[in-house]
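A.B. asks: Okay, handing you the structure first.
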Amino acid sequence: MFKWITEIDEPPFGFNNENSELSIKRIDSTVELNEMSPVCQLFASFDVILDDDSLTSLPTPNDNALETILNEVVPHYLDIKQIFIDGKLKEINVRCLKKESKKIVQDLLSNGIYPVIPDLYRQKILICQLDQEN
């Protein structure tokens, strides 16, 4: 039927059928920042532009990524959870941007946010219109 489809015996990548142990640990961040790094701007702007508290999942593949997340992103959120699989930290989930951080993003959107962000998320009205057209 389709010449480009070929049958294979096993998946070309490793697949773990065994169940892993999942654990979730909350983090409380009492640190408040007056500035927001471009990394955090990238994730936080989505919530402000779309006026929604979305869950952002940030993978932690190495110590550098973990340090960046903990120092630059976590302090701006209220709901923070570490996700462990088989005792190893795999990701950090953040949700509910703090009021002070929302204000920082709103101010940055008015003048001087990291330039790629407005192009990436556009605006809520435009996104809703595109959803309705499709």
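Going by the structure tokens order, chains are called A, B, ..., each with residues numbered from 1, while ligands are numbered from 1 in the order shown.
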Wanna dump the region 40-69 of chain A-region 78-97 of chain A contacts at 9 Å for me, each residue with its shortest atom pair and the distance in Å to one decimal, counting only C-alpha atoms, ordered by chain and number, as a tab-separated table?

C.D. replies:
```
residue	atom	partner	partner_atom	distance
A:Ala44	CA	A:Leu97	CA	7.1
A:Asp47	CA	A:Leu97	CA	7.5
A:Val48	CA	A:Leu97	CA	8.6
A:Asp52	CA	A:Cys96	CA	8.6
A:Asp53	CA	A:Cys96	CA	5.3
A:Ser54	CA	A:Arg95	CA	6.0
A:Leu55	CA	A:Arg95	CA	4.8
A:Thr56	CA	A:Val94	CA	5.3
A:Ser57	CA	A:Asn93	CA	4.4
A:Leu58	CA	A:Ile92	CA	5.2
A:Pro59	CA	A:Glu91	CA	4.2
A:Thr60	CA	A:Glu91	CA	5.0
A:Pro61	CA	A:Lys90	CA	6.9
A:Leu66	CA	A:Ile92	CA	8.6
A:Ile69	CA	A:Ile92	CA	8.0
```

A.B. asks: Write a file of the just-selected residues containing N, CA, C and O atoms, as a compact mmCIF listing (two decimals), in the first residue's frame.

C.D. replies:
```txt
# COMPACT_ATOMS: atom_id res chain seq x y z
N ALA A 44 7.59 32.41 31.82
CA ALA A 44 6.59 33.19 32.55
C ALA A 44 5.71 34.02 31.62
O ALA A 44 4.54 34.25 31.92
N ASP A 47 2.24 32.58 30.61
CA ASP A 47 1.16 32.71 31.58
C ASP A 47 0.54 34.10 31.56
O ASP A 47 -0.68 34.25 31.68
N VAL A 48 1.37 35.12 31.42
CA VAL A 48 0.87 36.50 31.45
C VAL A 48 0.15 36.85 30.15
O VAL A 48 -0.95 37.40 30.17
N ASP A 52 -3.32 32.85 31.97
CA ASP A 52 -3.67 31.51 32.43
C ASP A 52 -2.53 30.96 33.27
O ASP A 52 -1.36 31.24 33.00
N ASP A 53 -2.84 30.18 34.28
CA ASP A 53 -1.81 29.53 35.09
C ASP A 53 -1.53 28.15 34.50
O ASP A 53 -2.18 27.17 34.84
N SER A 54 -0.58 28.09 33.61
CA SER A 54 -0.26 26.82 32.99
C SER A 54 0.86 26.12 33.75
O SER A 54 1.64 26.75 34.46
N LEU A 55 0.93 24.82 33.59
CA LEU A 55 1.98 24.02 34.20
C LEU A 55 3.15 23.97 33.23
O LEU A 55 2.98 23.63 32.07
N THR A 56 4.33 24.31 33.72
CA THR A 56 5.53 24.25 32.90
C THR A 56 6.44 23.17 33.48
O THR A 56 6.77 23.20 34.66
N SER A 57 6.80 22.22 32.65
CA SER A 57 7.65 21.12 33.06
C SER A 57 9.07 21.38 32.55
O SER A 57 9.29 21.51 31.35
N LEU A 58 10.02 21.48 33.48
CA LEU A 58 11.39 21.81 33.13
C LEU A 58 12.30 20.61 33.42
O LEU A 58 12.50 20.23 34.57
N PRO A 59 12.83 19.98 32.37
CA PRO A 59 13.70 18.81 32.58
C PRO A 59 15.00 19.20 33.28
O PRO A 59 15.49 20.31 33.11
N THR A 60 15.53 18.28 34.07
CA THR A 60 16.77 18.52 34.81
C THR A 60 17.83 17.48 34.41
O THR A 60 18.18 16.60 35.20
N PRO A 61 18.35 17.57 33.19
CA PRO A 61 19.28 16.55 32.70
C PRO A 61 20.67 16.62 33.33
O PRO A 61 21.42 15.65 33.30
N LEU A 66 19.71 22.21 36.47
CA LEU A 66 19.06 22.25 37.78
C LEU A 66 19.35 23.57 38.50
O LEU A 66 18.45 24.22 39.04
N ILE A 69 17.39 26.43 36.87
CA ILE A 69 15.96 26.36 37.21
C ILE A 69 15.73 26.83 38.65
O ILE A 69 14.84 27.65 38.90
```

A.B. asks: Excluding region 100-111 of chain A and residues on its chain fewer than 5 positions from it, collect all residues at most 9 Å away from it, counting only C-alpha atoms, and give them as a PDB file with N, CA, C and O atoms, in the first residue's frame.

C.D. replies:
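Ended up saving to part_8.pdb:
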```pdb
ATOM      1  N   GLU A  32      12.164  36.188  46.844  1.00  0.00           N
ATOM      2  CA  GLU A  32      11.480  37.057  45.892  1.00  0.00           C
ATOM      3  C   GLU A  32      12.525  37.832  45.120  1.00  0.00           C
ATOM      4  O   GLU A  32      13.441  38.402  45.697  1.00  0.00           O
ATOM      5  N   LEU A  33      12.392  37.816  43.819  1.00  0.00           N
ATOM      6  CA  LEU A  33      13.348  38.505  42.957  1.00  0.00           C
ATOM      7  C   LEU A  33      12.725  39.756  42.357  1.00  0.00           C
ATOM      8  O   LEU A  33      11.534  39.784  42.055  1.00  0.00           O
ATOM      9  N   ASN A  34      13.547  40.791  42.200  1.00  0.00           N
ATOM     10  CA  ASN A  34      13.075  42.038  41.587  1.00  0.00           C
ATOM     11  C   ASN A  34      13.348  42.057  40.095  1.00  0.00           C
ATOM     12  O   ASN A  34      12.908  42.968  39.396  1.00  0.00           O
ATOM     13  N   GLU A  35      14.088  41.064  39.618  1.00  0.00           N
ATOM     14  CA  GLU A  35      14.440  40.968  38.204  1.00  0.00           C
ATOM     15  C   GLU A  35      14.052  39.591  37.704  1.00  0.00           C
ATOM     16  O   GLU A  35      13.827  38.676  38.482  1.00  0.00           O
ATOM     17  N   MET A  36      14.018  39.473  36.382  1.00  0.00           N
ATOM     18  CA  MET A  36      13.688  38.189  35.788  1.00  0.00           C
ATOM     19  C   MET A  36      14.659  37.926  34.647  1.00  0.00           C
ATOM     20  O   MET A  36      14.806  38.744  33.746  1.00  0.00           O
ATOM     21  N   GLN A  41      11.791  34.675  31.708  1.00  0.00           N
ATOM     22  CA  GLN A  41      10.894  35.456  30.852  1.00  0.00           C
ATOM     23  C   GLN A  41      10.241  34.558  29.806  1.00  0.00           C
ATOM     24  O   GLN A  41       9.049  34.680  29.519  1.00  0.00           O
ATOM     25  N   ALA A  44       7.593  32.410  31.821  1.00  0.00           N
ATOM     26  CA  ALA A  44       6.594  33.188  32.550  1.00  0.00           C
ATOM     27  C   ALA A  44       5.713  34.021  31.623  1.00  0.00           C
ATOM     28  O   ALA A  44       4.537  34.251  31.922  1.00  0.00           O
ATOM     29  N   SER A  45       6.235  34.462  30.508  1.00  0.00           N
ATOM     30  CA  SER A  45       5.465  35.300  29.586  1.00  0.00           C
ATOM     31  C   SER A  45       4.241  34.584  29.053  1.00  0.00           C
ATOM     32  O   SER A  45       3.198  35.195  28.827  1.00  0.00           O
ATOM     33  N   ASP A  47       2.242  32.576  30.606  1.00  0.00           N
ATOM     34  CA  ASP A  47       1.157  32.707  31.577  1.00  0.00           C
ATOM     35  C   ASP A  47       0.538  34.100  31.557  1.00  0.00           C
ATOM     36  O   ASP A  47      -0.679  34.253  31.678  1.00  0.00           O
ATOM     37  N   VAL A  48       1.369  35.123  31.420  1.00  0.00           N
ATOM     38  CA  VAL A  48       0.874  36.501  31.448  1.00  0.00           C
ATOM     39  C   VAL A  48       0.154  36.848  30.147  1.00  0.00           C
ATOM     40  O   VAL A  48      -0.948  37.400  30.170  1.00  0.00           O
ATOM     41  N   ILE A  49       0.741  36.507  29.023  1.00  0.00           N
ATOM     42  CA  ILE A  49       0.135  36.839  27.731  1.00  0.00           C
ATOM     43  C   ILE A  49      -1.203  36.130  27.560  1.00  0.00           C
ATOM     44  O   ILE A  49      -2.179  36.718  27.111  1.00  0.00           O
ATOM     45  N   HIS A  76      10.074  32.566  41.156  1.00  0.00           N
ATOM     46  CA  HIS A  76       8.968  33.351  40.610  1.00  0.00           C
ATOM     47  C   HIS A  76       7.619  32.632  40.689  1.00  0.00           C
ATOM     48  O   HIS A  76       6.593  33.187  40.302  1.00  0.00           O
ATOM     49  N   TYR A  77       7.599  31.393  41.191  1.00  0.00           N
ATOM     50  CA  TYR A  77       6.374  30.594  41.191  1.00  0.00           C
ATOM     51  C   TYR A  77       5.939  30.195  42.597  1.00  0.00           C
ATOM     52  O   TYR A  77       6.757  30.073  43.503  1.00  0.00           O
ATOM     53  N   ILE A 117      10.404  36.792  22.656  1.00  0.00           N
ATOM     54  CA  ILE A 117       9.191  36.374  23.362  1.00  0.00           C
ATOM     55  C   ILE A 117       7.902  36.891  22.728  1.00  0.00           C
ATOM     56  O   ILE A 117       6.981  36.104  22.500  1.00  0.00           O
ATOM     57  N   PRO A 118       7.772  38.175  22.391  1.00  0.00           N
ATOM     58  CA  PRO A 118       6.525  38.604  21.758  1.00  0.00           C
ATOM     59  C   PRO A 118       6.257  37.885  20.432  1.00  0.00           C
ATOM     60  O   PRO A 118       5.110  37.598  20.104  1.00  0.00           O
TER      61      PRO A 118
END
```

A.B. asks: Got a sec to tell me which of region 3-121 of chain A DSSP assigns to strand (DSSP E or B), as a list in words?

C.D. replies: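 In region 3-121 of chain A, DSSP puts these residues in strand (DSSP E or B): Leu22, Ser23, Ile24, Lys25, Arg26, Ile27, Thr56, Ser57, Leu58, Pro59, Tyr77, Leu78, Asp79, Ile80, Lys81, Gln82, Ile83, Phe84, Ile85, Lys88, Leu89, Lys90, Glu91, Ile92, Asn93, Val94, Arg95, Cys96 and Leu97 of chain A.
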
A.B. asks: For Ala65 (chain A), which residue among A:Leu50, A:Val31, A:Trp4, A:Val39 is the nearest when counting only C-alpha atoms?

C.D. replies: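 Ranking A:Leu50, A:Val31, A:Trp4, A:Val39 by distance to Ala65 (chain A), first place goes to A:Val39.
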
A.B. asks: Using Å and a single decimal, report how far CA of Gly112 (chain A) sits from CA of Asn64 (chain A).

C.D. replies: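 Atom-to-atom, CA of Asn64 (chain A) to CA of Gly112 (chain A), that is 26.6 Å.
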
A.B. asks: Would you please work out which residue, of A:Tyr114, A:Glu21, A:Asp28, A:Glu67, is nearest to Phe43 (chain A) when using only C-alpha atoms?

C.D. replies: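 Selected residue with least distance to Phe43 (chain A): A:Tyr114.
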